[in-house]
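Raw entry-v3.pdb, PDB, C-alpha atoms, pLDDT in the B column:
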ATOM      1  CA  MET A   1       0.000   0.000   0.000  1.00 47.00           C
ATOM      2  CA  THR A   2       1.413   3.423  -0.893  1.00 50.00           C
ATOM      3  CA  ASN A   3       0.867   6.708   0.878  1.00 52.00           C
ATOM      4  CA  GLY A   4      -2.349   8.348  -0.224  1.00 59.00           C
ATOM      5  CA  GLY A   5      -4.069   4.978  -0.732  1.00 69.00           C
ATOM      6  CA  HIS A   6      -7.623   4.194   0.267  1.00 73.00           C
ATOM      7  CA  VAL A   7      -9.116   0.870   1.373  1.00 79.00           C
ATOM      8  CA  THR A   8     -12.834   0.259   1.743  1.00 82.00           C
ATOM      9  CA  VAL A   9     -13.712  -2.238   4.500  1.00 82.00           C
ATOM     10  CA  VAL A  10     -16.683  -4.438   3.519  1.00 85.00           C
ATOM     11  CA  GLU A  11     -18.382  -7.197   5.480  1.00 86.00           C
ATOM     12  CA  GLN A  12     -21.077  -9.330   3.847  1.00 88.00           C
ATOM     13  CA  GLY A  13     -21.592  -6.746   1.135  1.00 86.00           C
ATOM     14  CA  ARG A  14     -22.061  -3.882   3.634  1.00 86.00           C
ATOM     15  CA  VAL A  15     -19.507  -1.053   3.725  1.00 81.00           C
ATOM     16  CA  LEU A  16     -18.172  -0.702   7.267  1.00 80.00           C
ATOM     17  CA  GLY A  17     -15.761   2.116   6.628  1.00 78.00           C
ATOM     18  CA  ARG A  18     -12.834   3.427   4.670  1.00 77.00           C
ATOM     19  CA  LEU A  19      -9.163   3.513   5.621  1.00 74.00           C
ATOM     20  CA  VAL A  20      -7.064   6.363   4.276  1.00 69.00           C
ATOM     21  CA  PHE A  21      -3.277   6.209   4.286  1.00 64.00           C
ATOM     22  CA  GLU A  22      -1.623   9.620   4.262  1.00 63.00           C
ATOM     23  CA  PRO A  23       2.012  10.590   4.684  1.00 58.00           C
ATOM     24  CA  ARG A  24       3.105  12.170   7.967  1.00 57.00           C
ATOM     25  CA  VAL A  25       5.793  14.206   6.195  1.00 57.00           C
ATOM     26  CA  LEU A  26       5.519  17.372   4.184  1.00 55.00           C
ATOM     27  CA  GLU A  27       5.675  16.934   0.436  1.00 56.00           C
ATOM     28  CA  GLY A  28       7.128  19.692  -1.687  1.00 57.00           C
ATOM     29  CA  PHE A  29      10.309  21.231  -2.953  1.00 54.00           C
ATOM     30  CA  LEU A  30      13.209  22.783  -1.099  1.00 54.00           C
ATOM     31  CA  ILE A  31      13.961  26.156  -2.583  1.00 55.00           C
ATOM     32  CA  THR A  32      17.559  27.203  -2.158  1.00 56.00           C
ATOM     33  CA  PRO A  33      18.847  30.725  -2.704  1.00 55.00           C
ATOM     34  CA  PRO A  34      20.774  31.318  -5.929  1.00 57.00           C
ATOM     35  CA  ALA A  35      24.526  30.687  -5.796  1.00 60.00           C
ATOM     36  CA  GLY A  36      26.431  33.728  -4.584  1.00 58.00           C
ATOM     37  CA  SER A  37      23.435  35.138  -2.769  1.00 52.00           C
ATOM     38  CA  GLU A  38      24.230  36.989   0.446  1.00 55.00           C
ATOM     39  CA  GLN A  39      21.200  35.583   2.314  1.00 49.00           C
ATOM     40  CA  THR A  40      22.019  33.719   5.480  1.00 47.00           C
ATOM     41  CA  PRO A  41      19.644  31.024   6.647  1.00 46.00           C
ATOM     42  CA  GLN A  42      17.385  32.110   9.488  1.00 43.00           C
ATOM     43  CA  PRO A  43      17.595  29.992  12.640  1.00 41.00           C
ATOM     44  CA  PRO A  44      14.312  28.448  13.803  1.00 46.00           C
ATOM     45  CA  ARG A  45      12.320  30.655  16.145  1.00 50.00           C
ATOM     46  CA  ASP A  46      12.175  29.331  19.671  1.00 65.00           C
ATOM     47  CA  ASP A  47       9.652  31.955  20.730  1.00 81.00           C
ATOM     48  CA  ILE A  48       6.705  30.374  18.886  1.00 86.00           C
ATOM     49  CA  CYS A  49       4.273  28.427  21.057  1.00 90.00           C
ATOM     50  CA  VAL A  50       2.510  25.610  19.191  1.00 93.00           C
ATOM     51  CA  VAL A  51      -1.071  25.118  20.394  1.00 93.00           C
ATOM     52  CA  ALA A  52      -2.923  21.983  19.292  1.00 94.00           C
ATOM     53  CA  THR A  53      -6.715  21.939  19.497  1.00 91.00           C
ATOM     54  CA  ALA A  54      -8.264  18.575  20.298  1.00 91.00           C
ATOM     55  CA  MET A  55     -11.762  19.752  19.447  1.00 88.00           C
ATOM     56  CA  PRO A  56     -12.705  20.163  15.796  1.00 86.00           C
ATOM     57  CA  LEU A  57     -12.545  23.846  14.826  1.00 87.00           C
ATOM     58  CA  SER A  58     -12.981  25.494  11.462  1.00 86.00           C
ATOM     59  CA  GLU A  59     -10.020  27.296   9.916  1.00 88.00           C
ATOM     60  CA  ALA A  60     -11.753  30.582  10.760  1.00 87.00           C
ATOM     61  CA  ALA A  61     -12.206  29.583  14.411  1.00 86.00           C
ATOM     62  CA  ARG A  62      -8.567  28.447  14.682  1.00 88.00           C
ATOM     63  CA  SER A  63      -7.480  31.720  13.077  1.00 88.00           C
ATOM     64  CA  THR A  64      -9.551  33.746  15.564  1.00 88.00           C
ATOM     65  CA  LEU A  65      -8.026  31.779  18.437  1.00 88.00           C
ATOM     66  CA  SER A  66      -4.534  32.291  17.046  1.00 90.00           C
ATOM     67  CA  GLU A  67      -5.093  36.041  16.608  1.00 89.00           C
ATOM     68  CA  GLY A  68      -6.414  36.253  20.160  1.00 90.00           C
ATOM     69  CA  LEU A  69      -3.317  34.517  21.511  1.00 89.00           C
ATOM     70  CA  GLY A  70      -0.937  36.813  19.639  1.00 88.00           C
ATOM     71  CA  GLU A  71       1.939  36.697  17.201  1.00 87.00           C
ATOM     72  CA  HIS A  72       4.050  34.212  19.158  1.00 90.00           C
ATOM     73  CA  TYR A  73       1.424  31.461  18.885  1.00 91.00           C
ATOM     74  CA  ILE A  74       0.390  29.117  16.130  1.00 92.00           C
ATOM     75  CA  VAL A  75      -2.808  27.108  16.494  1.00 91.00           C
ATOM     76  CA  LEU A  76      -3.027  23.752  14.722  1.00 93.00           C
ATOM     77  CA  ASP A  77      -5.549  20.949  14.613  1.00 92.00           C
ATOM     78  CA  LEU A  78      -4.481  18.011  16.784  1.00 92.00           C
ATOM     79  CA  ILE A  79      -3.986  15.838  13.676  1.00 92.00           C
ATOM     80  CA  ASP A  80      -1.568  18.369  12.160  1.00 91.00           C
ATOM     81  CA  ALA A  81       0.337  19.170  15.360  1.00 93.00           C
ATOM     82  CA  PRO A  82       3.782  17.723  15.995  1.00 94.00           C
ATOM     83  CA  PRO A  83       4.336  15.627  19.130  1.00 94.00           C
ATOM     84  CA  THR A  84       6.493  18.517  20.386  1.00 94.00           C
ATOM     85  CA  ALA A  85       3.479  20.856  20.625  1.00 94.00           C
ATOM     86  CA  ASP A  86       3.690  23.156  23.634  1.00 94.00           C
ATOM     87  CA  VAL A  87      -0.013  23.213  24.558  1.00 93.00           C
ATOM     88  CA  VAL A  88      -3.026  20.995  23.885  1.00 93.00           C
ATOM     89  CA  LEU A  89      -6.466  22.586  24.263  1.00 90.00           C
ATOM     90  CA  THR A  90      -9.305  20.154  24.817  1.00 89.00           C
ATOM     91  CA  GLN A  91     -12.892  20.217  25.938  1.00 88.00           C
ATOM     92  CA  PRO A  92     -13.729  18.300  29.146  1.00 87.00           C
ATOM     93  CA  ILE A  93     -12.956  14.645  28.396  1.00 86.00           C
ATOM     94  CA  SER A  94     -12.386  11.422  30.306  1.00 89.00           C
ATOM     95  CA  PRO A  95      -9.187  10.748  32.268  1.00 89.00           C
ATOM     96  CA  GLN A  96      -8.401   7.938  29.798  1.00 93.00           C
ATOM     97  CA  LEU A  97      -8.470  10.344  26.846  1.00 91.00           C
ATOM     98  CA  LEU A  98      -6.418  12.876  28.812  1.00 91.00           C
ATOM     99  CA  ASN A  99      -3.799  10.168  29.401  1.00 93.00           C
ATOM    100  CA  LYS A 100      -3.770   9.426  25.668  1.00 94.00           C
ATOM    101  CA  LEU A 101      -3.173  13.108  24.905  1.00 94.00           C
ATOM    102  CA  LYS A 102      -0.345  13.181  27.458  1.00 94.00           C
ATOM    103  CA  ALA A 103       1.239  10.144  25.780  1.00 95.00           C
ATOM    104  CA  GLU A 104       0.943  11.685  22.302  1.00 94.00           C
ATOM    105  CA  PHE A 105       2.213  15.107  23.441  1.00 95.00           C
ATOM    106  CA  PRO A 106       4.554  14.307  26.343  1.00 94.00           C
ATOM    107  CA  THR A 107       5.959  17.824  26.822  1.00 93.00           C
ATOM    108  CA  ALA A 108       2.724  19.741  26.223  1.00 94.00           C
ATOM    109  CA  ARG A 109       0.696  21.494  28.868  1.00 94.00           C
ATOM    110  CA  ILE A 110      -2.862  20.136  28.640  1.00 93.00           C
ATOM    111  CA  ILE A 111      -5.512  22.825  29.121  1.00 91.00           C
ATOM    112  CA  VAL A 112      -9.171  21.855  29.461  1.00 88.00           C
ATOM    113  CA  THR A 113     -11.514  24.582  28.320  1.00 85.00           C
ATOM    114  CA  GLU A 114     -15.111  25.081  27.381  1.00 80.00           C
ATOM    115  CA  ILE A 115     -15.833  27.196  24.320  1.00 77.00           C
ATOM    116  CA  ASP A 116     -19.099  28.907  23.525  1.00 74.00           C
ATOM    117  CA  ASP A 117     -18.803  31.261  20.553  1.00 72.00           C
ATOM    118  CA  GLU A 118     -22.075  31.674  18.735  1.00 71.00           C
ATOM    119  CA  GLU A 119     -20.525  33.905  16.065  1.00 75.00           C
ATOM    120  CA  ALA A 120     -17.945  31.250  15.160  1.00 72.00           C
ATOM    121  CA  GLY A 121     -20.481  28.439  15.454  1.00 74.00           C
ATOM    122  CA  VAL A 122     -18.429  26.705  18.136  1.00 73.00           C
ATOM    123  CA  SER A 123     -19.890  25.225  21.302  1.00 71.00           C
ATOM    124  CA  TYR A 124     -18.005  22.773  23.485  1.00 75.00           C
ATOM    125  CA  SER A 125     -19.584  22.969  26.897  1.00 72.00           C
ATOM    126  CA  GLY A 126     -18.932  20.645  29.761  1.00 76.00           C
ATOM    127  CA  PRO A 127     -20.432  19.773  33.104  1.00 78.00           C
ATOM    128  CA  VAL A 128     -19.560  23.102  34.743  1.00 79.00           C
ATOM    129  CA  SER A 129     -21.323  25.141  32.057  1.00 79.00           C
ATOM    130  CA  ARG A 130     -24.289  22.800  32.175  1.00 80.00           C
ATOM    131  CA  VAL A 131     -24.793  23.252  35.929  1.00 80.00           C
ATOM    132  CA  LEU A 132     -24.263  27.009  35.683  1.00 80.00           C
ATOM    133  CA  ASN A 133     -26.818  27.173  32.857  1.00 80.00           C
ATOM    134  CA  ALA A 134     -29.202  25.165  35.033  1.00 84.00           C
ATOM    135  CA  GLY A 135     -29.236  27.971  37.574  1.00 82.00           C
ATOM    136  CA  VAL A 136     -26.537  27.499  40.212  1.00 81.00           C
ATOM    137  CA  THR A 137     -25.074  30.799  41.384  1.00 80.00           C
ATOM    138  CA  ALA A 138     -21.419  29.773  41.399  1.00 80.00           C
ATOM    139  CA  TYR A 139     -18.953  26.995  40.766  1.00 79.00           C
ATOM    140  CA  LEU A 140     -15.977  26.797  43.087  1.00 80.00           C
ATOM    141  CA  PRO A 141     -13.096  24.478  42.173  1.00 77.00           C
ATOM    142  CA  PRO A 142     -12.006  21.744  44.542  1.00 80.00           C
ATOM    143  CA  ARG A 143      -9.861  23.015  47.402  1.00 84.00           C
ATOM    144  CA  PRO A 144      -9.136  22.010  51.020  1.00 85.00           C
ATOM    145  CA  LEU A 145     -11.974  22.750  53.458  1.00 86.00           C
ATOM    146  CA  ASP A 146     -10.501  25.986  54.827  1.00 86.00           C
ATOM    147  CA  GLN A 147     -10.151  27.372  51.276  1.00 87.00           C
ATOM    148  CA  VAL A 148     -13.667  26.182  50.350  1.00 84.00           C
ATOM    149  CA  ALA A 149     -15.002  28.045  53.395  1.00 85.00           C
ATOM    150  CA  GLN A 150     -13.088  31.195  52.384  1.00 87.00           C
ATOM    151  CA  ASN A 151     -14.288  30.935  48.761  1.00 85.00           C
ATOM    152  CA  VAL A 152     -17.916  30.429  49.831  1.00 85.00           C
ATOM    153  CA  ARG A 153     -17.745  33.361  52.264  1.00 85.00           C
ATOM    154  CA  THR A 154     -16.141  35.604  49.613  1.00 88.00           C
ATOM    155  CA  HIS A 155     -18.776  34.625  47.060  1.00 84.00           C
ATOM    156  CA  LEU A 156     -21.634  35.266  49.496  1.00 80.00           C
ATOM    157  CA  GLU A 157     -20.229  38.620  50.607  1.00 85.00           C
ATOM    158  CA  GLN A 158     -19.562  39.860  47.067  1.00 86.00           C
ATOM    159  CA  THR A 159     -22.692  38.604  45.326  1.00 78.00           C
ATOM    160  CA  PRO A 160     -26.046  40.273  45.926  1.00 75.00           C
ATOM    161  CA  ARG A 161     -28.643  37.978  47.322  1.00 68.00           C
ATOM    162  CA  PRO A 162     -31.499  37.178  44.912  1.00 63.00           C
ATOM    163  CA  VAL A 163     -34.726  39.007  45.717  1.00 59.00           C
ATOM    164  CA  LEU A 164     -37.947  37.039  45.639  1.00 60.00           C
ATOM    165  CA  ASP A 165     -40.863  38.772  43.998  1.00 58.00           C
ATOM    166  CA  ALA A 166     -43.858  38.403  46.268  1.00 52.00           C
ATOM    167  CA  PRO A 167     -47.401  38.328  44.949  1.00 53.00           C
ATOM    168  CA  ALA A 168     -49.153  41.666  45.537  1.00 51.00           C
ATOM    169  CA  ARG A 169     -51.529  40.221  48.161  1.00 49.00           C
ATOM    170  CA  THR A 170     -48.735  38.698  50.344  1.00 44.00           C
ATOM    171  CA  PRO A 171     -47.534  41.001  53.137  1.00 44.00           C
ATOM    172  CA  GLN A 172     -43.773  41.647  53.167  1.00 44.00           C
ATOM    173  CA  HIS A 173     -43.334  40.362  56.729  1.00 40.00           C
ATOM    174  CA  GLU A 174     -44.413  36.857  55.637  1.00 40.00           C
ATOM    175  CA  LEU A 175     -41.374  36.703  53.332  1.00 39.00           C
ATOM    176  CA  GLY A 176     -38.974  37.511  56.148  1.00 40.00           C
ATOM    177  CA  ALA A 177     -38.673  41.148  55.097  1.00 39.00           C
ATOM    178  CA  SER A 178     -36.521  42.223  57.998  1.00 40.00           C
ATOM    179  CA  GLY A 179     -34.176  43.960  55.602  1.00 43.00           C
ATOM    180  CA  ASP A 180     -32.227  40.848  54.563  1.00 44.00           C
ATOM    181  CA  GLN A 181     -34.114  39.664  51.494  1.00 40.00           C
TER     182      GLN A 181
END

Let's see the structure in the file written out as structure tokens.
Amino acid sequence: MTNGGHVTVVEQGRVLGRLVFEPRVLEGFLITPPAGSEQTPQPPRDDICVVATAMPLSEAARSTLSEGLGEHYIVLDLIDAPPTADVVLTQPISPQLLNKLKAEFPTARIIVTEIDDEEAGVSYSGPVSRVLNAGVTAYLPPRPLDQVAQNVRTHLEQTPRPVLDAPARTPQHELGASGDQ
């Protein structure tokens, strides 16, 4: 089988799938400067951070992400990223899949993120977004008990308490209207 070949998998006359064999190397031509040219080869830039996205994104969405990160970043699809990628962005996934990403990109920092960009047509929400959308007032990440207590207290002190709208015929004092609604 040569690179670029295709194999259709058939069982009892039913097509199960198609295997595609593609090269993992770039194909093209090396262009060298003309003889006697004063150009010196440029060393590779070490200041570029390669970001691989594990969630499918359109070219436009990847471009927007890359522009948002800045000029020292390049954003590639996971399939196109080298194993030396610096960062892997993924939506919330299982620990088994995270371990697979770590094995494929051993030096990369794995960042789990949720994306919701209506304009770009991208929505990768996870359990945190789902519970927030269901109406909880906050999500606090796991911490030791003393930090959880501090985070809860800070949230309660900095967030206004929701006010219940009482029906017109219900007296305020029945709702506990002692000034702390």

Worksheet entry | Separation of atom CA of A:Gly17 from atom CA of A:Leu101, in Å and rounded to one decimal | 24.8 Å

Worksheet entry | Distance query A:Ser129 at most 10 Å, all atoms listed in the file, self and fewer than 4 positions along chain excluded, as a list in words |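 In the requested format, the answer is Glu114, Ile115, Asp116, Tyr124, Ser125, Asn133, Ala134, Val136 and Tyr139 of chain A.
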
Fill in: Computed interatomic separation between atom CA of A:Thr90 and atom CA of A:Lys102 (Å)
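Computing it gives 11.7 Å between the two atoms.
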
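Rounded to one decimal, atom CA of A:Pro83 and atom CA of A:Ala108 lie 8.4 Å from each other.
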
Worksheet item: If the PyMOL selection byres ((chain A and resi 92) around 12) is run on the structure shown, which residues does it catch, given as a list of chain:residue names?
Response: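 Checking the PyMOL selection byres ((chain A and resi 92) around 12) against this file, the residues are A:Ala54, A:Met55, A:Leu89, A:Thr90, A:Gln91, A:Ile93, A:Ser94, A:Pro95, A:Gln96, A:Leu97, A:Leu98, A:Ile110, A:Ile111, A:Val112, A:Thr113, A:Glu114, A:Ile115, A:Tyr124, A:Ser125, A:Gly126, A:Pro127, A:Val128, A:Ser129, A:Arg130.
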
Identify all residues satisfying the PyMOL selection byres ((chain A and resi 75-82) around 10) in the given file; provide them as a PDB file with C-alpha atoms, in the coordinates of the input.
ATOM      1  CA  ARG A  24       3.105  12.170   7.967  1.00 57.00           C
ATOM      2  CA  CYS A  49       4.273  28.427  21.057  1.00 90.00           C
ATOM      3  CA  VAL A  50       2.510  25.610  19.191  1.00 93.00           C
ATOM      4  CA  VAL A  51      -1.071  25.118  20.394  1.00 93.00           C
ATOM      5  CA  ALA A  52      -2.923  21.983  19.292  1.00 94.00           C
ATOM      6  CA  THR A  53      -6.715  21.939  19.497  1.00 91.00           C
ATOM      7  CA  ALA A  54      -8.264  18.575  20.298  1.00 91.00           C
ATOM      8  CA  MET A  55     -11.762  19.752  19.447  1.00 88.00           C
ATOM      9  CA  PRO A  56     -12.705  20.163  15.796  1.00 86.00           C
ATOM     10  CA  LEU A  57     -12.545  23.846  14.826  1.00 87.00           C
ATOM     11  CA  SER A  58     -12.981  25.494  11.462  1.00 86.00           C
ATOM     12  CA  GLU A  59     -10.020  27.296   9.916  1.00 88.00           C
ATOM     13  CA  ALA A  61     -12.206  29.583  14.411  1.00 86.00           C
ATOM     14  CA  ARG A  62      -8.567  28.447  14.682  1.00 88.00           C
ATOM     15  CA  SER A  63      -7.480  31.720  13.077  1.00 88.00           C
ATOM     16  CA  THR A  64      -9.551  33.746  15.564  1.00 88.00           C
ATOM     17  CA  LEU A  65      -8.026  31.779  18.437  1.00 88.00           C
ATOM     18  CA  SER A  66      -4.534  32.291  17.046  1.00 90.00           C
ATOM     19  CA  GLU A  67      -5.093  36.041  16.608  1.00 89.00           C
ATOM     20  CA  LEU A  69      -3.317  34.517  21.511  1.00 89.00           C
ATOM     21  CA  TYR A  73       1.424  31.461  18.885  1.00 91.00           C
ATOM     22  CA  ILE A  74       0.390  29.117  16.130  1.00 92.00           C
ATOM     23  CA  PRO A  83       4.336  15.627  19.130  1.00 94.00           C
ATOM     24  CA  THR A  84       6.493  18.517  20.386  1.00 94.00           C
ATOM     25  CA  ALA A  85       3.479  20.856  20.625  1.00 94.00           C
ATOM     26  CA  ASP A  86       3.690  23.156  23.634  1.00 94.00           C
ATOM     27  CA  VAL A  87      -0.013  23.213  24.558  1.00 93.00           C
ATOM     28  CA  VAL A  88      -3.026  20.995  23.885  1.00 93.00           C
ATOM     29  CA  LEU A  89      -6.466  22.586  24.263  1.00 90.00           C
ATOM     30  CA  THR A  90      -9.305  20.154  24.817  1.00 89.00           C
ATOM     31  CA  LEU A 101      -3.173  13.108  24.905  1.00 94.00           C
ATOM     32  CA  GLU A 104       0.943  11.685  22.302  1.00 94.00           C
ATOM     33  CA  PHE A 105       2.213  15.107  23.441  1.00 95.00           C
TER      34      PHE A 105
END

Give the centre and edge lengths of an axis-aligned box, in Å to one decimal, that holds all listed atoms of stretch 105-122 of chain A with 8 Å on each side, as AutoDock Vina command-line options.
--center_x -8.1 --center_y 24.1 --center_z 22.3 --size_x 44.0 --size_y 35.6 --size_z 30.3
